[in-house]
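J.: Structure file coords.cif (mmCIF, C-alpha atoms and all ligand atoms) is given on the next line.
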```cif
data_run
#
loop_
_atom_site.label_atom_id
_atom_site.label_comp_id
_atom_site.auth_asym_id
_atom_site.auth_seq_id
_atom_site.Cartn_x
_atom_site.Cartn_y
_atom_site.Cartn_z
CA ALA A 1 22.69 -6.63 -6.85
CA LEU A 2 23.10 -2.94 -7.71
CA ASP A 3 26.00 -2.85 -5.23
CA LYS A 4 27.99 -4.76 -7.80
CA LEU A 5 27.36 -2.15 -10.50
CA PHE A 6 27.68 1.14 -8.60
CA PRO A 7 29.76 2.32 -5.63
CA ARG A 8 27.74 2.75 -2.44
CA LYS A 9 28.62 4.42 0.86
CA THR A 10 26.79 2.83 3.78
CA LEU A 11 24.76 5.46 5.67
CA GLY A 12 21.91 3.35 7.00
CA PHE A 13 20.98 0.06 8.64
CA PHE A 14 19.76 -2.00 5.72
CA PRO A 15 17.69 -4.00 5.05
CA SER A 16 15.18 -1.82 6.88
CA PRO A 17 12.75 -3.78 9.06
CA ILE A 18 9.43 -5.10 7.78
CA HIS A 19 6.63 -5.86 10.19
CA LYS A 20 2.91 -6.41 10.17
CA LEU A 21 0.67 -3.60 11.36
CA GLU A 22 -1.51 -5.94 13.41
CA ARG A 23 -4.17 -3.59 14.72
CA LEU A 24 -4.54 -1.60 11.52
CA SER A 25 -4.83 -4.86 9.55
CA ALA A 26 -7.58 -6.09 11.88
CA MET A 27 -9.47 -2.81 11.56
CA LEU A 28 -9.22 -2.70 7.77
CA GLY A 29 -9.73 -6.41 7.10
CA VAL A 30 -6.62 -6.28 4.90
CA GLU A 31 -3.14 -7.54 5.69
CA VAL A 32 -1.02 -4.39 5.98
CA TRP A 33 2.71 -4.46 6.63
CA ALA A 34 5.20 -1.60 6.88
CA LYS A 35 8.78 -1.33 5.66
CA ARG A 36 10.38 1.11 8.02
CA ASP A 37 12.76 3.38 6.15
CA ASP A 38 11.93 5.89 8.89
CA VAL A 39 14.01 3.89 11.38
CA SER A 40 16.72 2.59 9.07
CA SER A 41 19.48 5.06 9.76
CA GLY A 42 21.27 6.41 12.78
CA LEU A 43 21.84 9.72 11.00
CA ALA A 44 19.59 12.34 12.58
CA PHE A 45 16.34 10.31 12.39
CA GLY A 46 17.02 9.10 8.83
CA GLY A 47 14.35 8.78 6.15
CA ASN A 48 14.17 7.98 2.45
CA LYS A 49 16.93 10.38 1.38
CA ILE A 50 19.51 8.39 3.35
CA ARG A 51 18.81 5.39 1.11
CA LYS A 52 19.25 7.54 -2.00
CA LEU A 53 22.25 9.45 -0.69
CA GLU A 54 24.27 6.25 -0.18
CA TRP A 55 24.88 6.27 -3.94
CA LEU A 56 25.32 10.04 -4.39
CA VAL A 57 27.71 10.40 -1.46
CA ALA A 58 29.85 7.53 -2.81
CA ASP A 59 30.02 9.48 -6.10
CA ALA A 60 30.81 12.76 -4.31
CA LEU A 61 33.66 11.12 -2.38
CA ALA A 62 35.02 9.46 -5.53
CA LYS A 63 35.04 12.88 -7.24
CA GLY A 64 36.91 14.49 -4.34
CA CYS A 65 34.07 16.87 -3.45
CA ASP A 66 34.04 18.37 0.03
CA THR A 67 30.63 20.05 0.26
CA LEU A 68 27.11 18.81 -0.48
CA VAL A 69 24.83 21.55 -1.83
CA SER A 70 21.10 21.07 -2.02
CA ILE A 71 17.71 22.74 -1.81
CA GLY A 72 14.34 22.17 -0.18
CA ASN A 73 11.57 23.67 1.86
CA ILE A 74 12.30 25.16 5.31
CA GLN A 75 10.98 21.97 6.94
CA SER A 76 12.58 19.73 4.28
CA ASN A 77 13.47 16.25 5.48
CA HIS A 78 15.74 16.03 2.46
CA THR A 79 18.01 18.96 3.34
CA ARG A 80 18.24 17.68 6.94
CA GLN A 81 19.40 14.31 5.61
CA VAL A 82 21.89 15.91 3.20
CA CYS A 83 23.33 17.78 6.16
CA ALA A 84 23.40 14.55 8.21
CA ALA A 85 25.14 12.56 5.48
CA ALA A 86 27.72 15.33 5.04
CA ALA A 87 28.43 15.43 8.77
CA ALA A 88 28.79 11.65 8.97
CA VAL A 89 31.39 11.48 6.19
CA GLY A 90 33.24 14.65 7.21
CA MET A 91 31.95 16.94 4.47
CA LYS A 92 30.28 20.34 4.72
CA SER A 93 26.77 21.11 3.55
CA TYR A 94 24.97 24.16 2.20
CA THR A 95 21.22 23.92 1.91
CA VAL A 96 18.87 26.49 0.40
CA GLN A 97 15.71 26.50 2.54
CA GLU A 98 12.75 27.90 0.64
CA THR A 99 9.29 28.96 1.67
CA TRP A 100 6.95 26.68 -0.21
CA LEU A 101 3.79 27.15 1.72
CA GLU A 102 1.77 29.25 4.07
CA TRP A 103 1.98 27.40 7.35
CA ASP A 104 1.76 30.38 9.59
CA ASP A 105 3.57 29.63 12.82
CA PRO A 106 6.30 31.53 14.64
CA VAL A 107 8.33 28.33 15.20
CA TYR A 108 8.02 26.94 11.65
CA ASP A 109 11.55 28.10 10.78
CA LYS A 110 12.97 27.16 14.19
CA VAL A 111 11.99 23.62 15.22
CA GLY A 112 11.92 20.20 13.59
CA ASN A 113 14.12 19.59 10.57
CA ILE A 114 15.67 23.04 10.41
CA LEU A 115 16.67 22.81 14.07
CA LEU A 116 18.42 19.48 13.44
CA THR A 117 20.27 20.99 10.46
CA ARG A 118 21.50 23.83 12.66
CA ILE A 119 22.58 21.43 15.42
CA MET A 120 24.58 19.36 12.91
CA GLY A 121 26.57 22.40 11.85
CA GLY A 122 24.92 22.76 8.48
CA ASN A 123 24.72 26.01 6.55
CA PRO A 124 21.04 26.62 5.86
CA ILE A 125 20.49 29.55 3.50
CA MET A 126 17.02 30.92 4.04
CA GLY A 127 15.37 32.23 0.87
CA GLY A 128 13.41 31.55 -2.26
CA TYR A 129 9.77 30.82 -2.82
CA GLY A 130 7.58 28.38 -4.70
CA TYR A 131 7.56 24.63 -5.09
CA SER A 132 9.35 23.33 -8.11
CA THR A 133 11.77 20.52 -8.76
CA THR A 134 13.56 22.45 -11.48
CA GLU A 135 16.90 24.15 -10.98
CA LYS A 136 16.84 27.43 -9.11
CA ASP A 137 19.27 30.34 -9.18
CA THR A 138 19.46 30.25 -5.37
CA TRP A 139 20.90 26.76 -5.66
CA ALA A 140 23.32 27.87 -8.39
CA ARG A 141 24.43 30.76 -6.17
CA ALA A 142 25.08 28.41 -3.26
CA LEU A 143 27.23 26.24 -5.52
CA GLU A 144 29.11 29.36 -6.66
CA GLU A 145 29.62 30.46 -3.07
CA VAL A 146 31.27 27.15 -2.21
CA ARG A 147 33.56 27.43 -5.24
CA ALA A 148 34.43 31.04 -4.40
CA LYS A 149 35.58 29.86 -0.97
CA GLY A 150 37.84 27.27 -2.57
CA GLY A 151 35.55 24.33 -1.88
CA LYS A 152 34.50 21.57 -4.25
CA PRO A 153 30.72 21.31 -4.24
CA TYR A 154 28.59 18.31 -5.14
CA ALA A 155 25.18 19.37 -6.42
CA ILE A 156 22.16 17.47 -5.18
CA PRO A 157 18.77 18.53 -6.59
CA ALA A 158 15.56 18.72 -4.54
CA GLY A 159 14.78 15.35 -3.03
CA ALA A 160 17.99 13.87 -4.53
CA SER A 161 15.65 12.99 -7.37
CA ASP A 162 16.51 14.42 -10.78
CA HIS A 163 20.13 13.30 -10.50
CA PRO A 164 21.66 10.49 -12.56
CA LEU A 165 22.00 8.30 -9.45
CA GLY A 166 18.77 9.43 -7.75
CA GLY A 167 16.73 6.31 -8.55
CA LEU A 168 19.29 3.71 -7.48
CA GLY A 169 18.41 3.65 -3.78
CA TYR A 170 14.81 2.65 -4.34
CA ALA A 171 15.58 0.33 -7.24
CA ASN A 172 17.71 -1.49 -4.69
CA PHE A 173 14.84 -1.30 -2.17
CA ALA A 174 12.93 -3.64 -4.50
CA ASP A 175 15.67 -6.27 -4.19
CA GLU A 176 15.57 -5.86 -0.42
CA VAL A 177 11.81 -6.43 -0.36
CA ALA A 178 12.15 -9.56 -2.53
CA MET A 179 14.79 -10.96 -0.16
CA GLN A 180 12.62 -10.25 2.89
CA GLU A 181 9.58 -11.79 1.18
CA GLN A 182 11.57 -14.94 0.62
CA GLN A 183 12.54 -15.06 4.29
CA LEU A 184 8.95 -14.44 5.41
CA GLY A 185 7.40 -16.73 2.81
CA ILE A 186 4.92 -14.05 1.69
CA PHE A 187 4.33 -11.72 -1.27
CA PHE A 188 3.22 -8.11 -1.24
CA ASP A 189 0.74 -7.48 -4.05
CA ASN A 190 0.77 -3.72 -3.48
CA ILE A 191 3.34 -1.19 -2.36
CA VAL A 192 1.90 2.12 -1.13
CA VAL A 193 4.38 5.00 -1.20
CA ALA A 194 4.28 8.78 -0.80
CA THR A 195 5.57 10.54 -3.91
CA CYS A 196 6.73 14.09 -4.57
CA THR A 197 10.05 14.77 -6.30
CA GLY A 198 9.74 11.29 -7.76
CA SER A 199 12.88 9.20 -7.36
CA THR A 200 11.50 7.05 -4.54
CA GLN A 201 8.58 5.80 -6.60
CA ALA A 202 10.63 5.81 -9.84
CA GLY A 203 13.35 3.66 -8.31
CA MET A 204 10.74 1.23 -7.00
CA VAL A 205 9.00 1.03 -10.38
CA VAL A 206 12.29 0.08 -12.05
CA GLY A 207 13.41 -2.29 -9.30
CA PHE A 208 10.11 -4.16 -9.10
CA ALA A 209 9.74 -4.28 -12.90
CA ALA A 210 12.97 -6.27 -13.02
CA GLN A 211 11.35 -9.02 -10.92
CA GLU A 212 9.48 -11.97 -12.33
CA LYS A 213 6.26 -11.57 -10.39
CA ARG A 214 4.56 -8.23 -11.06
CA ARG A 215 2.92 -6.09 -8.41
CA ARG A 216 1.43 -2.60 -8.08
CA VAL A 217 3.48 0.36 -6.90
CA ILE A 218 0.87 2.91 -5.83
CA GLY A 219 2.23 6.43 -5.49
CA ILE A 220 0.18 8.74 -3.30
CA ASP A 221 0.86 12.23 -4.62
CA THR A 222 1.93 14.77 -2.01
CA ALA A 223 2.99 17.59 -4.36
CA ASP A 224 -0.69 18.31 -5.07
CA ASP A 225 0.23 18.42 -8.75
CA GLU A 226 -0.42 15.05 -10.32
CA ALA A 227 0.91 16.03 -13.75
CA MET A 228 4.19 17.36 -12.35
CA THR A 229 4.67 14.30 -10.16
CA ARG A 230 3.93 11.97 -13.07
CA ARG A 231 6.44 13.78 -15.29
CA ALA A 232 9.10 13.53 -12.59
CA VAL A 233 8.49 9.85 -11.83
CA THR A 234 8.38 8.92 -15.54
CA LYS A 235 11.60 10.75 -16.39
CA ILE A 236 13.52 9.36 -13.43
CA ALA A 237 12.22 5.81 -13.99
CA ASN A 238 13.36 5.91 -17.62
CA ASP A 239 16.73 7.46 -16.73
CA THR A 240 17.32 4.91 -13.96
CA SER A 241 16.40 2.01 -16.19
CA GLU A 242 18.84 3.29 -18.86
CA LEU A 243 21.61 3.80 -16.33
CA ILE A 244 21.28 0.30 -14.87
CA ALA A 245 21.20 -1.26 -18.33
CA ALA A 246 24.23 0.78 -19.41
CA LYS A 247 26.18 -0.70 -16.47
CA GLY A 248 25.21 -4.24 -17.43
CA GLY A 249 22.15 -4.61 -15.18
CA LYS A 250 18.79 -5.91 -16.33
CA ARG A 251 17.08 -3.65 -18.86
CA VAL A 252 13.46 -3.05 -17.98
CA VAL A 253 10.79 -1.34 -20.01
CA VAL A 254 8.86 1.22 -18.01
CA ARG A 255 5.26 1.26 -19.21
CA ASP A 256 2.89 4.14 -18.55
CA ALA A 257 0.67 1.71 -16.65
CA ASP A 258 3.51 0.98 -14.22
CA ILE A 259 3.41 4.58 -13.01
CA GLU A 260 0.35 4.78 -10.84
CA ILE A 261 -0.21 8.11 -9.12
CA ILE A 262 -3.21 8.72 -6.90
CA PRO A 263 -4.03 12.45 -6.60
CA ASP A 264 -6.87 12.13 -4.10
CA TYR A 265 -5.01 12.62 -0.81
CA SER A 266 -2.68 15.54 -1.54
CA GLY A 267 -4.95 18.47 -0.73
CA PRO A 268 -5.44 21.20 0.22
CA ALA A 269 -1.88 21.92 -1.03
CA TYR A 270 1.69 20.70 -0.81
CA GLY A 271 2.72 20.82 2.84
CA LEU A 272 -0.77 21.49 4.15
CA PRO A 273 -2.75 18.67 5.76
CA SER A 274 -6.47 18.22 5.31
CA GLU A 275 -8.70 17.17 8.19
CA GLN A 276 -8.58 13.69 6.74
CA THR A 277 -4.74 13.76 6.75
CA ILE A 278 -4.74 14.66 10.43
CA ALA A 279 -7.32 11.96 11.22
CA ALA A 280 -5.16 9.35 9.44
CA ILE A 281 -2.04 10.51 11.32
CA ARG A 282 -3.95 10.05 14.58
CA THR A 283 -5.19 6.61 13.55
CA ALA A 284 -1.67 5.33 12.72
CA ALA A 285 -0.34 6.81 15.96
CA GLU A 286 -3.18 5.58 18.18
CA MET A 287 -3.30 2.08 16.71
CA GLU A 288 0.34 1.36 15.92
CA ALA A 289 2.37 4.13 17.59
CA MET A 290 3.58 4.74 14.05
CA LEU A 291 4.30 8.43 13.56
CA THR A 292 3.56 10.03 10.21
CA ASP A 293 3.88 13.67 9.20
CA PRO A 294 1.39 16.15 7.71
CA VAL A 295 3.42 16.73 4.51
CA TYR A 296 4.13 13.22 3.20
CA GLU A 297 3.47 10.06 5.16
CA GLY A 298 0.25 11.37 6.70
CA LYS A 299 -1.08 11.65 3.16
CA SER A 300 0.13 8.22 2.07
CA ILE A 301 -1.25 6.50 5.18
CA ASP A 302 -4.52 8.35 4.60
CA GLY A 303 -4.54 6.97 1.06
CA LEU A 304 -3.80 3.44 2.24
CA ILE A 305 -6.52 3.49 4.90
CA ASP A 306 -9.12 5.05 2.61
CA MET A 307 -8.38 2.76 -0.33
CA ALA A 308 -8.48 -0.28 1.96
CA LYS A 309 -11.84 0.83 3.36
CA LYS A 310 -13.16 1.24 -0.19
CA GLY A 311 -12.22 -2.37 -0.97
CA HIS A 312 -9.22 -1.76 -3.26
CA PHE A 313 -7.03 -4.40 -1.61
CA LYS A 314 -9.55 -7.18 -0.95
CA GLY A 315 -7.75 -10.49 -0.40
CA GLN A 316 -4.38 -8.88 -1.10
CA ARG A 317 -1.38 -7.94 0.98
CA VAL A 318 -0.19 -4.33 1.20
CA LEU A 319 3.25 -3.03 2.07
CA TYR A 320 3.36 0.54 3.32
CA ALA A 321 6.73 2.14 2.58
CA HIS A 322 7.34 4.42 5.55
CA LEU A 323 9.78 7.05 4.29
CA GLY A 324 10.34 9.06 7.48
CA GLY A 325 9.36 12.68 7.99
CA ALA A 326 8.25 12.63 11.63
CA PRO A 327 10.73 15.40 12.67
CA ALA A 328 8.47 17.89 10.84
CA LEU A 329 5.65 17.10 13.29
CA ASN A 330 7.12 19.63 15.73
CA ALA A 331 6.46 22.45 13.30
CA TYR A 332 2.84 21.32 12.94
CA TYR A 333 1.90 21.05 16.62
CA LYS A 334 -1.04 23.38 15.99
CA ALA A 335 -2.77 20.79 13.83
CA PHE A 336 -3.01 18.50 16.86
CA GLU A 337 -3.95 20.95 19.59
CA ASP A 338 -6.91 19.73 21.57
CA PRO A 339 -8.71 22.39 23.60
CA GLU A 340 -9.64 19.77 26.22
CA ASN A 341 -6.18 18.32 26.79
N1 LIG B 401 8.16 11.03 2.39
C1 LIG B 401 9.02 11.83 3.05
C2 LIG B 401 9.05 11.74 4.54
C3 LIG B 401 9.85 12.72 2.35
O1 LIG B 401 10.71 13.49 3.03
C4 LIG B 401 9.76 12.77 0.94
C5 LIG B 401 10.59 13.76 0.22
O2 LIG B 401 10.21 14.47 -0.68
C6 LIG B 401 8.86 11.92 0.29
C7 LIG B 401 8.08 11.06 1.04
C8 LIG B 401 8.69 11.89 -1.19
O3 LIG B 401 9.77 11.24 -1.82
P1 LIG B 401 10.25 11.69 -3.25
O4 LIG B 401 10.60 13.13 -3.15
O5 LIG B 401 11.40 10.82 -3.58
O6 LIG B 401 9.11 11.49 -4.19
#
```
Spell out the structure here as structure tokens.
Ligand code: PLP
T.:
Amino acid sequence: ALDKLFPRKTLGFFPSPIHKLERLSAMLGVEVWAKRDDVSSGLAFGGNKIRKLEWLVADALAKGCDTLVSIGNIQSNHTRQVCAAAAAVGMKSYTVQETWLEWDDPVYDKVGNILLTRIMGGNPIMGGYGYSTTEKDTWARALEEVRAKGGKPYAIPAGASDHPLGGLGYANFADEVAMQEQQLGIFFDNIVVATCTGSTQAGMVVGFAAQEKRRRVIGIDTADDEAMTRRAVTKIANDTSELIAAKGGKRVVVRDADIEIIPDYSGPAYGLPSEQTIAAIRTAAEMEAMLTDPVYEGKSIDGLIDMAKKGHFKGQRVLYAHLGGAPALNAYYKAFEDPEN
């Protein structure tokens, strides 16, 4: 329905598929399904930013911009998807690639996401340190550089999150889920989703709140900073709700209780997996051939498995939102090295 209120540039194959994770469900004694936003775009392995960027790229094209400028970690899935979207619509991209963590490996800045960005003809600018979703001068400088060269930049913040249109993609995801539920004749009581810069969960909160039957959207924090994540999700949910209402869509009230953030699976730090993260990644891979990464989805699947084992979802159905991220696995090969194999 949001298509009728806002311009959208198709960059993915939507609706993304939903399927039951049969073996994981049997092991956990809980019905677990996955919605596969990791396989919902042909653009360089896709992921959740493609869904968000459909609305930002439409805006960039309408404004006559020719270059997308964004920022993320060296192994950012987001900057890889910005570069992919730019390539697919014939724009340029500049992406500031920061060092957010101490993953000490000689190929960390060479393989995985950053490699794909280089192959797609992106302009990664290496530099900057420290995780934060606030504006950075490196990003401002990149925007200035594009202008100085006579280009017209379109600014996309980290994760395409704190942007007026950042929440639309996942508000629309909620409509997609409702349509698929109708086709399947089932209802998902819980959505489990990795959360970091916030607009994925925020969009979902707004989209699902507009529906008659309420359900839980459970954000598994990956920023390892619950307060920061909560602030981001709350702000973007409120902004998105306002924006949709201003365009004539349904006005929803975002209550504090709607923003559920679980901090228990984010350690030891942003971008660093715990032993439990790695074990969960192996479980999803061994039981479902479903690949999850050590930065985001490994933590959310860990949360889902652990919460299910602790009885949180008894008698209920769970939908795991798979947001992509597997290209980063290459940079984390060390976490999976087995001395016997
Ligand atoms: N999962 C993956 C694979 C991601 O790349 C990201 C990006 O940050 C997230 C989850 C978190 O989404 P968001 O930043 O919208 O909270």
J.: Counting all atoms listed in the file, which of A:Leu168, A:Met204, A:Leu323, A:Ala269 gets nearest to ligand LIG 401 (chain B)?
T.: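 Result for the nearest residue to ligand LIG 401 (chain B): A:Leu323.
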J.: Mind pulling up the distance from atom CA of A:Asn48 to atom CA of A:Ala326?
T.: 11.9 Å
J.: Using all atoms listed in the file, I'd like a table of the residues in chain A that come within 6 Å of ligand LIG 401 (chain B); for each, show the closest atom pair and its distance in Å rounded to one decimal, ordered by chain and ascending number, as JSON lines.
T.:
```
{"residue": "A:Asn77", "atom": "CA", "partner": "B:LIG401", "partner_atom": "O1", "distance": 4.6}
{"residue": "A:His78", "atom": "CA", "partner": "B:LIG401", "partner_atom": "O1", "distance": 5.7}
{"residue": "A:Gly159", "atom": "CA", "partner": "B:LIG401", "partner_atom": "O4", "distance": 4.7}
{"residue": "A:Ala194", "atom": "CA", "partner": "B:LIG401", "partner_atom": "C7", "distance": 4.8}
{"residue": "A:Thr195", "atom": "CA", "partner": "B:LIG401", "partner_atom": "O6", "distance": 3.7}
{"residue": "A:Cys196", "atom": "CA", "partner": "B:LIG401", "partner_atom": "O6", "distance": 3.5}
{"residue": "A:Thr197", "atom": "CA", "partner": "B:LIG401", "partner_atom": "O4", "distance": 3.6}
{"residue": "A:Gly198", "atom": "CA", "partner": "B:LIG401", "partner_atom": "O6", "distance": 3.6}
{"residue": "A:Ser199", "atom": "CA", "partner": "B:LIG401", "partner_atom": "O5", "distance": 4.4}
{"residue": "A:Thr200", "atom": "CA", "partner": "B:LIG401", "partner_atom": "O5", "distance": 3.9}
{"residue": "A:Tyr296", "atom": "CA", "partner": "B:LIG401", "partner_atom": "N1", "distance": 4.7}
{"residue": "A:Glu297", "atom": "CA", "partner": "B:LIG401", "partner_atom": "N1", "distance": 5.5}
{"residue": "A:Leu323", "atom": "CA", "partner": "B:LIG401", "partner_atom": "N1", "distance": 4.7}
{"residue": "A:Gly324", "atom": "CA", "partner": "B:LIG401", "partner_atom": "C2", "distance": 4.2}
{"residue": "A:Gly325", "atom": "CA", "partner": "B:LIG401", "partner_atom": "C2", "distance": 3.6}
```
J.: Go ahead and write the selection's residues with C-alpha atoms as a compact mmCIF listing (two decimals), in the coordinates of the input.
T.:
```txt
# COMPACT_ATOMS: atom_id res chain seq x y z
CA ASN A 77 13.47 16.25 5.48
CA HIS A 78 15.74 16.03 2.46
CA GLY A 159 14.78 15.35 -3.03
CA ALA A 194 4.28 8.78 -0.80
CA THR A 195 5.57 10.54 -3.91
CA CYS A 196 6.73 14.09 -4.57
CA THR A 197 10.05 14.77 -6.30
CA GLY A 198 9.74 11.29 -7.76
CA SER A 199 12.88 9.20 -7.36
CA THR A 200 11.50 7.05 -4.54
CA TYR A 296 4.13 13.22 3.20
CA GLU A 297 3.47 10.06 5.16
CA LEU A 323 9.78 7.05 4.29
CA GLY A 324 10.34 9.06 7.48
CA GLY A 325 9.36 12.68 7.99
```
J.: Considering all atoms listed in the file, tabulate each residue of stretch 106-203 of chain A that lies at most 12 Å from stretch 2-8 of chain A along with its nearest interatomic pair and the corresponding distance in Å to one decimal; arrange the rows by chain and ascending residue number and present them as JSON lines.
T.:
```
{"residue": "A:Pro164", "atom": "CA", "partner": "A:Phe6", "partner_atom": "CA", "distance": 11.8}
{"residue": "A:Leu165", "atom": "CA", "partner": "A:Phe6", "partner_atom": "CA", "distance": 9.2}
{"residue": "A:Gly167", "atom": "CA", "partner": "A:Leu2", "partner_atom": "CA", "distance": 11.3}
{"residue": "A:Leu168", "atom": "CA", "partner": "A:Leu2", "partner_atom": "CA", "distance": 7.7}
{"residue": "A:Gly169", "atom": "CA", "partner": "A:Leu2", "partner_atom": "CA", "distance": 9.0}
{"residue": "A:Tyr170", "atom": "CA", "partner": "A:Leu2", "partner_atom": "CA", "distance": 10.6}
{"residue": "A:Ala171", "atom": "CA", "partner": "A:Leu2", "partner_atom": "CA", "distance": 8.2}
{"residue": "A:Asn172", "atom": "CA", "partner": "A:Leu2", "partner_atom": "CA", "distance": 6.3}
{"residue": "A:Phe173", "atom": "CA", "partner": "A:Leu2", "partner_atom": "CA", "distance": 10.1}
{"residue": "A:Ala174", "atom": "CA", "partner": "A:Leu2", "partner_atom": "CA", "distance": 10.7}
{"residue": "A:Asp175", "atom": "CA", "partner": "A:Leu2", "partner_atom": "CA", "distance": 8.9}
{"residue": "A:Glu176", "atom": "CA", "partner": "A:Leu2", "partner_atom": "CA", "distance": 10.9}
{"residue": "A:Gly203", "atom": "CA", "partner": "A:Leu2", "partner_atom": "CA", "distance": 11.8}
```
J.: Taking all atoms listed in the file into account, name the residue in A:Lys152, A:Arg141, A:Lys49, A:His19 that is nearest to A:Leu68.
T.: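 Smallest distance to A:Leu68 is found for A:Lys152.
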J.: Nearest to A:Tyr154: which of A:Met27, A:Val69, A:Leu115, A:Ile259 is it, counting only C-alpha atoms?
T.: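 Closest residue, counting only C-alpha atoms: A:Val69.
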J.: Report as a list in words all protein, DNA and RNA residues lying within 9 Å of A:Asp302, evaluated on all atoms listed in the file, omitting residues in the same chain fewer than 6 positions from it.
T.: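 Everything that qualifies: Tyr265, Gln276, Thr277, Ile278, Ala279, Ala280 and Ile281 of chain A.
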J.: For a quick check of understanding, using only C-alpha atoms, which of A:Gly29, A:Gly12, A:Pro263, A:Gly151 has the smallest distance to A:Glu226?
T.: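 Ranked by minimum distance to A:Glu226, first place goes to A:Pro263.
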J.: Got a sec: who's within 7 Å of A:Phe13, counting only C-alpha atoms, leaving out chain neighbours fewer than 2 positions off, as a PyMOL selection string?
T.: chain A and resi 15-16+40-41
J.: Every residue with an atom at most 6 Å from (33.8, 20.7, 2.0) (file coordinates; only C-alpha atoms) is what I'm after, so could you write them as a PyMOL selection string?
T.: chain A and resi 66-67+91-92+151
